[in-house]
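J.: Got a structure here, written out as structure tokens. Questions coming.
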Amino acid sequence: ADDFMFRTATPFVDLPAGVDIEVAIAPSSSSSADDAIATFTYNLASGETYIIAANGIVSASGYSPATAFDLHVYAMGREQATESGNTDVLVFHGATDAPTVDVVETAVPAGTIVDNLAYADFAGYLELPTSNYSLDIRDETGEATVASYSAPLMTLGLENQALVVLASGFLNPANNSNGAAFGLYVALPSGGDLVELPIATSV
């Protein structure tokens with residue numbers, strides 16, 4: 001969101017299934033749910049794991065496009081890799097002014113690992129051997145590179161973990177109230193501050 005950038009992840013929490021749960025999003029300075037900028041209601045299935053990404057614009061002006069704030073839910077979340085020695089990676093496109101993109105791995109090279117990911121979409125889990133990777137973010141033709149990043153899964157000690165990589169920020173901060181620049185961030189299942197992937201090349 002624009003006025004308060006989310007840069008932390010909440011660890012997995014257990015919630016009751018089969019009942020309506022109301023989630024209120026409020027500024028960090030709020031004193032009660034009455035200060036919420038948005039409220040959402042969920043009814044969760046038993047035995048399921050959910051991942052929720054908060055994204056979009058709160059302000060009425062100063063952003064182009066001014067995509068409305070929302071919570072985006074992925075209902076097949078994982079808390080650890082499904083195979084020992086792997087890192088399972090769920091990718092989410094949360095950059096409001098970025099086009100539909102491809103993610104191309106260039107170090108192995110594994111080629112296109114995410115194809116035609118649109119804003120607010122989850123790409124589904126990539127089950128990757130825990131290694132260090134290089135990622136090109138390209139337009140949906142696969143020809144024009146937006147930026148390149150290092151994804152050092154081995155160096156970061158992410159073996160056997162399941163994590164979420166979020167594309168966030170703005171490709172054109174000048175058109176978006178000089179907000180944070182586009183980047184890739186890792187949300188760990190343990191929660192805490194998001195880990196920013198190092199940029200290799202900016203185009």
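Every chain in the structure tokens takes a letter, A first, then B, and so on in the order presented; its residues are numbered from 1, and the ligands are numbered from 1 following the presented order.
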So which residues of region 2-201 of chain A fall under strand (DSSP E or B) by DSSP, listed as a ChimeraX atom specification?
T.: /A:8-9,20-25,38-43,51-55,57,63,68,70-74,80,86-93,101-105,111-117,122-129,132-139,145-152,161-168,170,176,181,183-187,192-193,195-196,199-201
J.: Take the residues from that selection and write them out as a short mmCIF file (atom, residue, chain, number, x, y, z; two decimals), in the first residue's frame, keeping C-alpha atoms.
T.:
data_model
loop_
_atom_site.label_atom_id
_atom_site.label_comp_id
_atom_site.auth_asym_id
_atom_site.auth_seq_id
_atom_site.Cartn_x
_atom_site.Cartn_y
_atom_site.Cartn_z
CA THR A 8 7.38 -7.41 7.26
CA ALA A 9 5.73 -10.81 7.19
CA ASP A 20 -16.41 -16.02 9.77
CA ILE A 21 -13.19 -14.20 10.67
CA GLU A 22 -13.00 -10.43 10.17
CA VAL A 23 -9.62 -8.95 9.24
CA ALA A 24 -9.20 -5.18 9.63
CA ILE A 25 -6.24 -3.32 8.09
CA ALA A 38 -10.34 -1.80 4.83
CA THR A 39 -12.07 -4.81 6.37
CA PHE A 40 -12.31 -8.32 4.94
CA THR A 41 -14.23 -11.42 6.03
CA TYR A 42 -12.94 -14.97 5.54
CA ASN A 43 -14.30 -18.41 6.31
CA ILE A 51 -1.10 -17.05 2.44
CA ILE A 52 -2.42 -13.49 2.22
CA ALA A 53 -0.63 -10.65 0.44
CA ALA A 54 -1.74 -7.06 1.11
CA ASN A 55 -1.32 -4.78 -1.87
CA ILE A 57 -3.10 1.98 -3.30
CA TYR A 63 -0.57 7.31 -8.17
CA ALA A 68 -7.31 -0.14 -5.12
CA ASP A 70 -6.92 -5.37 -1.50
CA LEU A 71 -5.90 -8.62 0.18
CA HIS A 72 -4.96 -11.44 -2.19
CA VAL A 73 -5.37 -15.00 -0.90
CA TYR A 74 -3.52 -18.17 -1.89
CA GLN A 80 8.17 -26.15 4.42
CA ASN A 86 14.65 -28.11 -2.02
CA THR A 87 13.31 -24.62 -1.47
CA ASP A 88 9.67 -24.16 -2.51
CA VAL A 89 9.06 -20.65 -3.84
CA LEU A 90 5.63 -19.05 -4.34
CA VAL A 91 5.78 -15.92 -6.52
CA PHE A 92 3.35 -12.99 -6.19
CA HIS A 93 3.11 -9.98 -8.54
CA VAL A 101 5.93 -10.39 -16.61
CA ASP A 102 7.99 -13.52 -17.14
CA VAL A 103 10.71 -14.67 -14.74
CA VAL A 104 13.70 -16.19 -16.52
CA GLU A 105 16.46 -17.99 -14.60
CA GLY A 111 14.94 -20.65 -18.65
CA THR A 112 11.43 -19.31 -18.10
CA ILE A 113 10.29 -20.45 -14.66
CA VAL A 114 7.28 -18.11 -14.38
CA ASP A 115 5.27 -17.31 -17.51
CA ASN A 116 2.85 -14.40 -17.99
CA LEU A 117 2.35 -13.40 -14.34
CA PHE A 122 0.28 -15.97 -7.56
CA ALA A 123 2.37 -18.14 -9.88
CA GLY A 124 2.13 -21.34 -7.84
CA TYR A 125 5.05 -23.02 -6.11
CA LEU A 126 8.39 -23.60 -7.81
CA GLU A 127 10.10 -26.63 -6.25
CA LEU A 128 13.75 -25.67 -6.66
CA PRO A 129 16.96 -27.41 -5.59
CA ASN A 132 21.99 -19.65 -5.93
CA TYR A 133 20.02 -18.36 -8.91
CA SER A 134 19.94 -15.33 -11.21
CA LEU A 135 16.54 -14.00 -12.22
CA ASP A 136 15.58 -11.74 -15.11
CA ILE A 137 12.22 -10.00 -14.83
CA ARG A 138 11.04 -9.59 -18.42
CA ASP A 139 7.93 -8.37 -20.18
CA THR A 145 14.33 -7.18 -19.37
CA VAL A 146 12.94 -4.93 -16.62
CA ALA A 147 15.60 -5.83 -14.05
CA SER A 148 17.85 -8.70 -12.98
CA TYR A 149 18.23 -10.05 -9.44
CA SER A 150 20.31 -12.52 -7.50
CA ALA A 151 18.32 -15.15 -5.63
CA PRO A 152 20.93 -16.74 -3.31
CA GLN A 161 11.92 -23.99 3.53
CA ALA A 162 8.83 -22.74 1.69
CA LEU A 163 8.79 -19.01 1.08
CA VAL A 164 7.04 -16.29 -0.87
CA VAL A 165 8.79 -13.94 -3.30
CA LEU A 166 6.86 -10.70 -3.79
CA ALA A 167 7.39 -8.20 -6.58
CA SER A 168 6.66 -4.85 -4.95
CA PHE A 170 6.98 0.96 -8.54
CA ASN A 176 3.67 7.28 -7.87
CA ALA A 181 11.28 1.47 -6.41
CA GLY A 183 12.11 -4.86 -6.13
CA LEU A 184 11.82 -8.51 -5.19
CA TYR A 185 11.30 -9.39 -1.52
CA VAL A 186 11.31 -12.74 0.28
CA ALA A 187 8.76 -13.49 3.01
CA GLY A 192 9.88 -10.91 10.34
CA ASP A 193 11.37 -8.34 7.99
CA VAL A 195 14.53 -10.03 2.73
CA GLU A 196 15.27 -7.84 -0.29
CA ILE A 199 19.61 -6.29 -7.79
CA ALA A 200 22.11 -7.38 -10.42
CA THR A 201 21.11 -5.06 -13.25
#
J.: So how many Å separate CA of Thr130 (chain A) and CA of Met154 (chain A), to one decimal?
T.: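 Spanning CA of Thr130 (chain A) to CA of Met154 (chain A) is a straight-line distance of 5.4 Å.
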J.: What's the 7 Å shell around Pro11 (chain A), counting only C-alpha atoms, without same-chain residues fewer than 6 positions away, as a compact mmCIF listing (two decimals) with all heavy atoms, in the first residue's frame?
T.:
# COMPACT_ATOMS: atom_id res chain seq x y z
N PRO A 189 8.66 -18.17 6.20
CA PRO A 189 7.56 -18.74 6.99
C PRO A 189 7.66 -18.38 8.47
O PRO A 189 6.65 -18.40 9.18
CB PRO A 189 7.70 -20.25 6.76
CG PRO A 189 9.10 -20.45 6.28
CD PRO A 189 9.46 -19.21 5.55
N SER A 190 8.85 -18.02 8.93
CA SER A 190 9.03 -17.63 10.33
C SER A 190 8.59 -16.20 10.59
O SER A 190 8.53 -15.75 11.74
CB SER A 190 10.50 -17.79 10.73
OG SER A 190 11.33 -17.02 9.87
N GLY A 191 8.27 -15.44 9.52
CA GLY A 191 7.86 -14.06 9.67
C GLY A 191 9.07 -13.14 9.80
O GLY A 191 10.21 -13.54 9.56
J.: Choose the residue, out of A:Ser30, A:Tyr50, A:Ser61, A:Ser84, that has the smallest atom-to-atom separation from Ala17 (chain A); count only C-alpha atoms.
T.: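 Looking only at the distances to Ala17 (chain A), the closest residue turns out to be A:Tyr50.
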J.: What does the structure give for the distance between CA of Gly142 (chain A) and CA of Pro198 (chain A), in Å to one decimal?
T.: 21.3 Å
J.: From a backbone DSSP assignment, name each residue in region 6-186 of chain A labelled helix (DSSP H, G or I), as a count of residues only.
T.: 6
J.: So which one's closest to Phe12 (chain A), A:Glu143, A:Ala36, A:Val108, A:Gly77? Using only C-alpha atoms, please.
T.: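 Of A:Glu143, A:Ala36, A:Val108, A:Gly77, the one nearest Phe12 (chain A) is A:Gly77, counting only C-alpha atoms.
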